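> Below are the structure tokens for one structure; questions will follow.
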Amino acid sequence: MPQHRFNCETVYDRNPSRAFREGDYEFARTRFRRKNGHRLERGYDVATHFAEVIKARRRDERPNNSSASSIERDFRRYADLWWQETRILSSIHAKIFNPYYQRIIGMGQTVLPLIFSELRDRGGQWYWALECILGENPAANAETLPEAKRIWLEYAGEHNYL
Amino acid sequence: MTEAEIEAIFPSLRAGFDITSPTDEEYNCIAWSINDVRQWWWPTPHGQRKWPGKYWPPGVDHEETLKAFTKVYESLGFKKCDEREFEAGYDKIAIYADSIGTVLHAARWWIEDNGWSSKLGEENDIRHHSLESIEGASYGTVVQIMKRRRRQRGEK
């Protein structure tokens, strides 16, 4: 039987991505068995350890993989849910402290173009979110809602958000 | 909103209601109850901070409480009453609140409405045949009725 030299970088499967897809546990167990050429007494424990490491690495990498489309998808979902839950309410508190509205604020400057397009196309109480994210309020002296909307949309145009 | 969307939120309206206006985000239920379609009447977070298009009478606490809303209507000539039915010569309003007393909505009965009438947040005005038909998770229940004698033409 040929002797193999193994190290941490050794690839055991012709299609490593497929091995990952088939499950963290199976992948880890496969690696461990082959390294030693036979089943180890503590194989399951070690495999579980590998699985946890791989799972943690995937979890850590997830935010870095957020693409523009996934951000927009999340924004649309939160905006729709916020709209559905608050559109028949009068309470300003209920609108701006709604969990989905708060999530959108938490998404930060990335979603400013999406908020401005939502304000332009569907309206809504977006002024608080805009002020929270931007830290300024160009419509601070506006008397009416149409005036505030106009000023904010002009601001968006001047700063290339729309 | 479509009729189906409104009925999904208020199932009791299936018994009958009419949409009487397009959507409008400039005014709300309180404004509609006093016939002001230019402003959004509601207490604002952080009290005196300026909110464009929002109005709350000076001297009234910025709280979503029955006490604060009653004070607003009293300042406009309304008085508390118990009768829900239409009375000739009077305008009526009904205040809705949740189980802990947070005010959520108001409806009105003016003679020209021919029934109770509500503005649904940023959405449409509707005419509904009973106060109970919009009670539920969204608006809570009716906690106060108030009425104001309607001034006759030429009366000061």
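Ordering of the structure tokens sets the chain letters (A, B, ...), residue numbers begin anew at 1 in every chain, and ligands are numbered from 1 in the order given.
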Would you write out, as CSV, a table of all residues in chain B that have an atom no more than 9 Å from an atom of chain A, listing for each the closest atom pair and the distance in Å to one decimal, considering only C-alpha atoms and ordering rows by chain and rising residue number?

residue,atom,partner,partner_atom,distance
B:Glu25,CA,A:Gly124,CA,7.4
B:Glu26,CA,A:Leu145,CA,6.5
B:Asn28,CA,A:Ser90,CA,6.1
B:Cys29,CA,A:Ser90,CA,6.9
B:Ile30,CA,A:Ser90,CA,8.3
B:Arg38,CA,A:Thr144,CA,8.5
B:Gln39,CA,A:Thr144,CA,7.8
B:Trp40,CA,A:Ser90,CA,8.1
B:Trp41,CA,A:Ser90,CA,8.4
B:Trp42,CA,A:Ser91,CA,6.8
B:Pro43,CA,A:Ile92,CA,7.8
B:Thr44,CA,A:Ile92,CA,6.5
B:Pro45,CA,A:His93,CA,6.4
B:Lys50,CA,A:Ala140,CA,7.3
B:Trp51,CA,A:Ala140,CA,7.9
B:Pro52,CA,A:Thr144,CA,4.9
B:Gly53,CA,A:Thr144,CA,4.1
B:Lys54,CA,A:Thr144,CA,7.7
B:Glu64,CA,A:Ser91,CA,8.1
B:Val103,CA,A:Ser91,CA,8.6
B:Leu104,CA,A:Ser91,CA,6.9
B:His105,CA,A:Ser90,CA,7.1
B:Lys119,CA,A:Ile88,CA,8.3
B:Leu120,CA,A:Ile88,CA,4.7
B:Gly121,CA,A:Ile88,CA,3.9
B:Glu122,CA,A:Arg87,CA,5.7
B:Glu123,CA,A:Ile88,CA,6.2
B:Asn124,CA,A:Ile88,CA,8.8
B:Ser138,CA,A:Leu89,CA,7.8
B:Tyr139,CA,A:Leu89,CA,8.2
> Env of Ser33 of chain B: 9 Å cut, atoms = only C-alpha atoms, seq-sep filter 3 positions within chain, self excluded. Answer as a ChimeraX atom specification.
/B:28-30,36,92-94,106-110,117-119
> Take the residues from that selection and put them in a file with C-alpha atoms, as a PDB file, in the first residue's frame.

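Done, and the output landed in result30.pdb:
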ATOM      1  CA  ASN B  28     -54.190  61.455  10.533  1.00  0.00           C
ATOM      2  CA  CYS B  29     -57.186  60.234  12.522  1.00  0.00           C
ATOM      3  CA  ILE B  30     -57.115  63.011  15.134  1.00  0.00           C
ATOM      4  CA  ASP B  36     -58.122  69.441   9.690  1.00  0.00           C
ATOM      5  CA  LYS B  92     -69.106  63.152  18.198  1.00  0.00           C
ATOM      6  CA  ILE B  93     -65.679  61.594  18.471  1.00  0.00           C
ATOM      7  CA  ALA B  94     -64.583  58.233  19.915  1.00  0.00           C
ATOM      8  CA  ALA B 106     -59.983  58.304  17.067  1.00  0.00           C
ATOM      9  CA  ALA B 107     -63.119  58.151  14.928  1.00  0.00           C
ATOM     10  CA  ARG B 108     -65.765  60.810  14.328  1.00  0.00           C
ATOM     11  CA  TRP B 109     -69.472  61.034  13.609  1.00  0.00           C
ATOM     12  CA  TRP B 110     -70.428  64.219  11.903  1.00  0.00           C
ATOM     13  CA  SER B 117     -65.673  57.848   9.929  1.00  0.00           C
ATOM     14  CA  SER B 118     -61.965  57.087  10.425  1.00  0.00           C
ATOM     15  CA  LYS B 119     -58.674  58.049   8.842  1.00  0.00           C
TER      16      LYS B 119
END
> To one decimal place in Å, what is the distance between atom CA of Gly136 of chain B and atom CA of Tyr96 of chain B?
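Taking atom CA of Gly136 of chain B as the start and atom CA of Tyr96 of chain B as the end point, the length is 9.9 Å.
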> Within 6 Å of segment 76-90 of chain B, counting only C-alpha atoms, which residues show up once you throw out same-chain ones fewer than 6 positions away? Write them as JSON, numbers by chain, please.
{"B": [145, 146, 147, 148, 149, 150]}
> For all heavy atoms, I'd like the residues from the last selection saved as an mmCIF file, in the first residue's frame.

data_model
loop_
_atom_site.group_PDB
_atom_site.id
_atom_site.type_symbol
_atom_site.label_atom_id
_atom_site.label_comp_id
_atom_site.auth_asym_id
_atom_site.auth_seq_id
_atom_site.Cartn_x
_atom_site.Cartn_y
_atom_site.Cartn_z
ATOM 1 N N ILE B 145 -66.091 58.539 24.678
ATOM 2 C CA ILE B 145 -66.880 59.246 23.661
ATOM 3 C C ILE B 145 -66.961 60.707 24.092
ATOM 4 O O ILE B 145 -67.093 61.000 25.292
ATOM 5 C CB ILE B 145 -68.324 58.689 23.570
ATOM 6 C CG1 ILE B 145 -68.320 57.168 23.391
ATOM 7 C CG2 ILE B 145 -69.097 59.379 22.450
ATOM 8 C CD1 ILE B 145 -67.955 56.691 22.027
ATOM 9 N N MET B 146 -66.879 61.604 23.136
ATOM 10 C CA MET B 146 -67.019 63.034 23.446
ATOM 11 C C MET B 146 -67.906 63.671 22.382
ATOM 12 O O MET B 146 -67.986 63.183 21.252
ATOM 13 C CB MET B 146 -65.648 63.721 23.501
ATOM 14 C CG MET B 146 -64.714 63.116 24.545
ATOM 15 S SD MET B 146 -63.101 63.946 24.653
ATOM 16 C CE MET B 146 -63.517 65.377 25.647
ATOM 17 N N LYS B 147 -68.567 64.756 22.770
ATOM 18 C CA LYS B 147 -69.439 65.414 21.791
ATOM 19 C C LYS B 147 -69.294 66.928 21.901
ATOM 20 O O LYS B 147 -68.884 67.465 22.943
ATOM 21 C CB LYS B 147 -70.892 64.992 21.993
ATOM 22 C CG LYS B 147 -71.531 65.486 23.277
ATOM 23 C CD LYS B 147 -72.973 64.999 23.341
ATOM 24 C CE LYS B 147 -73.649 65.484 24.624
ATOM 25 N NZ LYS B 147 -75.044 64.981 24.731
ATOM 26 N N ARG B 148 -69.653 67.594 20.820
ATOM 27 C CA ARG B 148 -69.581 69.057 20.761
ATOM 28 C C ARG B 148 -70.809 69.542 19.997
ATOM 29 O O ARG B 148 -71.099 69.017 18.900
ATOM 30 C CB ARG B 148 -68.305 69.487 20.037
ATOM 31 C CG ARG B 148 -68.165 70.991 19.860
ATOM 32 C CD ARG B 148 -66.833 71.342 19.232
ATOM 33 N NE ARG B 148 -66.738 70.881 17.835
ATOM 34 C CZ ARG B 148 -65.659 71.032 17.065
ATOM 35 N NH1 ARG B 148 -64.560 71.595 17.561
ATOM 36 N NH2 ARG B 148 -65.658 70.587 15.825
ATOM 37 N N ARG B 149 -71.476 70.503 20.573
ATOM 38 C CA ARG B 149 -72.665 71.004 19.889
ATOM 39 C C ARG B 149 -72.243 71.721 18.603
ATOM 40 O O ARG B 149 -71.314 72.529 18.609
ATOM 41 C CB ARG B 149 -73.443 71.969 20.786
ATOM 42 C CG ARG B 149 -74.878 72.194 20.311
ATOM 43 C CD ARG B 149 -75.714 72.792 21.428
ATOM 44 N NE ARG B 149 -75.517 74.222 21.553
ATOM 45 C CZ ARG B 149 -76.176 75.124 20.822
ATOM 46 N NH1 ARG B 149 -77.047 74.741 19.917
ATOM 47 N NH2 ARG B 149 -75.960 76.403 20.995
ATOM 48 N N ARG B 150 -72.881 71.358 17.538
ATOM 49 C CA ARG B 150 -72.555 71.975 16.255
ATOM 50 C C ARG B 150 -73.165 73.354 16.173
ATOM 51 O O ARG B 150 -74.348 73.533 16.470
ATOM 52 C CB ARG B 150 -73.066 71.104 15.105
ATOM 53 C CG ARG B 150 -72.901 71.795 13.766
ATOM 54 C CD ARG B 150 -72.999 70.858 12.636
ATOM 55 N NE ARG B 150 -71.816 69.989 12.567
ATOM 56 C CZ ARG B 150 -71.398 69.450 11.427
ATOM 57 N NH1 ARG B 150 -72.024 69.679 10.306
ATOM 58 N NH2 ARG B 150 -70.346 68.669 11.428
#
> Run DSSP on the backbone and grab whatever in segment 5-127 of chain B lands in strand (DSSP E or B); send it over as a ChimeraX atom specification.
/B:17-19,40-41,54-55,65,79-81,90-97,102-109,116-119,125-127
> Show which residues sit within 7 Å of segment 113-119 of chain A, as a ChimeraX atom specification. Count only C-alpha atoms, and ignore same-chain residues fewer than 2 positions away.
/A:111,121-124,126,153,156,161-162
> Generate a file of the selected residues that holds C-alpha atoms, formatted as an mmCIF file, in the first residue's frame.

data_model
loop_
_atom_site.group_PDB
_atom_site.id
_atom_site.type_symbol
_atom_site.label_atom_id
_atom_site.label_comp_id
_atom_site.auth_asym_id
_atom_site.auth_seq_id
_atom_site.Cartn_x
_atom_site.Cartn_y
_atom_site.Cartn_z
ATOM 1 C CA VAL A 111 -28.822 52.005 2.757
ATOM 2 C CA ASP A 121 -41.576 56.650 -4.407
ATOM 3 C CA ARG A 122 -43.725 55.606 -1.457
ATOM 4 C CA GLY A 123 -43.294 58.347 1.137
ATOM 5 C CA GLY A 124 -43.347 57.544 4.813
ATOM 6 C CA TRP A 126 -38.140 58.301 6.951
ATOM 7 C CA LEU A 153 -34.777 64.822 -1.812
ATOM 8 C CA ALA A 156 -30.098 63.414 -1.765
ATOM 9 C CA TYR A 161 -27.662 59.425 -3.146
ATOM 10 C CA LEU A 162 -30.247 59.517 -5.916
#
> Please report the interatomic distance between atom CA of Val143 of chain B and atom CA of Ile34 of chain B in Å with one decimal.
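Spanning atom CA of Val143 of chain B to atom CA of Ile34 of chain B is a straight-line distance of 18.2 Å.
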> Take atom CA of Leu131 of chain B and atom CA of Trp116 of chain B and report the distance between them in Å, one decimal.
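Computing the Euclidean distance for atom CA of Leu131 of chain B and atom CA of Trp116 of chain B yields 6.9 Å.
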> Hey, what does DSSP flag as alpha helix (DSSP H) within chain B? Can you give it to me as a list in words?
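Filtering chain B down to alpha helix (DSSP H) leaves Glu3, Ala4, Glu5, Ile6, Glu7, Ala8, Ile9, Cys29, Ile30, Ala31, Trp32, Ser33, Leu66, Lys67, Ala68, Phe69, Thr70, Lys71, Val72, Tyr73, Glu74 and Ser75 of chain B.
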> Pull N, CA and C atoms from the residues just selected and write them as a PDB file, in the first residue's frame.

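Wrote result23.pdb, looks like this:
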ATOM      1  N   GLU B   3     -59.838  47.441  -0.560  1.00  0.00           N
ATOM      2  CA  GLU B   3     -60.816  46.970   0.419  1.00  0.00           C
ATOM      3  C   GLU B   3     -60.352  45.673   1.070  1.00  0.00           C
ATOM      4  N   ALA B   4     -59.759  44.806   0.257  1.00  0.00           N
ATOM      5  CA  ALA B   4     -59.301  43.516   0.789  1.00  0.00           C
ATOM      6  C   ALA B   4     -58.204  43.709   1.837  1.00  0.00           C
ATOM      7  N   GLU B   5     -57.295  44.638   1.589  1.00  0.00           N
ATOM      8  CA  GLU B   5     -56.229  44.902   2.565  1.00  0.00           C
ATOM      9  C   GLU B   5     -56.805  45.438   3.870  1.00  0.00           C
ATOM     10  N   ILE B   6     -57.795  46.325   3.755  1.00  0.00           N
ATOM     11  CA  ILE B   6     -58.416  46.887   4.959  1.00  0.00           C
ATOM     12  C   ILE B   6     -59.169  45.801   5.726  1.00  0.00           C
ATOM     13  N   GLU B   7     -59.878  44.957   5.004  1.00  0.00           N
ATOM     14  CA  GLU B   7     -60.627  43.871   5.656  1.00  0.00           C
ATOM     15  C   GLU B   7     -59.691  42.858   6.319  1.00  0.00           C
ATOM     16  N   ALA B   8     -58.501  42.702   5.752  1.00  0.00           N
ATOM     17  CA  ALA B   8     -57.548  41.770   6.359  1.00  0.00           C
ATOM     18  C   ALA B   8     -57.095  42.279   7.726  1.00  0.00           C
ATOM     19  N   ILE B   9     -57.018  43.597   7.861  1.00  0.00           N
ATOM     20  CA  ILE B   9     -56.598  44.182   9.142  1.00  0.00           C
ATOM     21  C   ILE B   9     -57.780  44.261  10.114  1.00  0.00           C
ATOM     22  N   CYS B  29     -55.836  60.430  11.974  1.00  0.00           N
ATOM     23  CA  CYS B  29     -57.186  60.234  12.522  1.00  0.00           C
ATOM     24  C   CYS B  29     -57.639  61.389  13.417  1.00  0.00           C
ATOM     25  N   ILE B  30     -56.733  61.914  14.231  1.00  0.00           N
ATOM     26  CA  ILE B  30     -57.115  63.011  15.134  1.00  0.00           C
ATOM     27  C   ILE B  30     -57.446  64.250  14.301  1.00  0.00           C
ATOM     28  N   ALA B  31     -56.593  64.527  13.325  1.00  0.00           N
ATOM     29  CA  ALA B  31     -56.842  65.676  12.453  1.00  0.00           C
ATOM     30  C   ALA B  31     -58.197  65.522  11.749  1.00  0.00           C
ATOM     31  N   TRP B  32     -58.449  64.317  11.244  1.00  0.00           N
ATOM     32  CA  TRP B  32     -59.710  64.059  10.541  1.00  0.00           C
ATOM     33  C   TRP B  32     -60.906  64.236  11.472  1.00  0.00           C
ATOM     34  N   SER B  33     -60.745  63.854  12.726  1.00  0.00           N
ATOM     35  CA  SER B  33     -61.867  63.937  13.664  1.00  0.00           C
ATOM     36  C   SER B  33     -62.263  65.382  13.949  1.00  0.00           C
ATOM     37  N   LEU B  66     -54.934  58.925  27.574  1.00  0.00           N
ATOM     38  CA  LEU B  66     -56.308  59.391  27.442  1.00  0.00           C
ATOM     39  C   LEU B  66     -56.454  60.794  28.016  1.00  0.00           C
ATOM     40  N   LYS B  67     -55.740  61.052  29.103  1.00  0.00           N
ATOM     41  CA  LYS B  67     -55.806  62.370  29.741  1.00  0.00           C
ATOM     42  C   LYS B  67     -55.357  63.465  28.766  1.00  0.00           C
ATOM     43  N   ALA B  68     -54.242  63.230  28.083  1.00  0.00           N
ATOM     44  CA  ALA B  68     -53.723  64.239  27.155  1.00  0.00           C
ATOM     45  C   ALA B  68     -54.669  64.438  25.970  1.00  0.00           C
ATOM     46  N   PHE B  69     -55.196  63.342  25.417  1.00  0.00           N
ATOM     47  CA  PHE B  69     -56.083  63.467  24.255  1.00  0.00           C
ATOM     48  C   PHE B  69     -57.421  64.095  24.641  1.00  0.00           C
ATOM     49  N   THR B  70     -57.904  63.751  25.844  1.00  0.00           N
ATOM     50  CA  THR B  70     -59.147  64.359  26.315  1.00  0.00           C
ATOM     51  C   THR B  70     -58.974  65.870  26.443  1.00  0.00           C
ATOM     52  N   LYS B  71     -57.816  66.274  26.949  1.00  0.00           N
ATOM     53  CA  LYS B  71     -57.536  67.699  27.112  1.00  0.00           C
ATOM     54  C   LYS B  71     -57.526  68.415  25.761  1.00  0.00           C
ATOM     55  N   VAL B  72     -56.971  67.746  24.764  1.00  0.00           N
ATOM     56  CA  VAL B  72     -56.955  68.339  23.418  1.00  0.00           C
ATOM     57  C   VAL B  72     -58.386  68.572  22.926  1.00  0.00           C
ATOM     58  N   TYR B  73     -59.226  67.529  23.045  1.00  0.00           N
ATOM     59  CA  TYR B  73     -60.606  67.663  22.551  1.00  0.00           C
ATOM     60  C   TYR B  73     -61.393  68.676  23.391  1.00  0.00           C
ATOM     61  N   GLU B  74     -61.135  68.712  24.694  1.00  0.00           N
ATOM     62  CA  GLU B  74     -61.827  69.701  25.534  1.00  0.00           C
ATOM     63  C   GLU B  74     -61.443  71.118  25.115  1.00  0.00           C
ATOM     64  N   SER B  75     -60.173  71.292  24.721  1.00  0.00           N
ATOM     65  CA  SER B  75     -59.740  72.633  24.286  1.00  0.00           C
ATOM     66  C   SER B  75     -60.446  73.046  22.988  1.00  0.00           C
TER      67      SER B  75
END
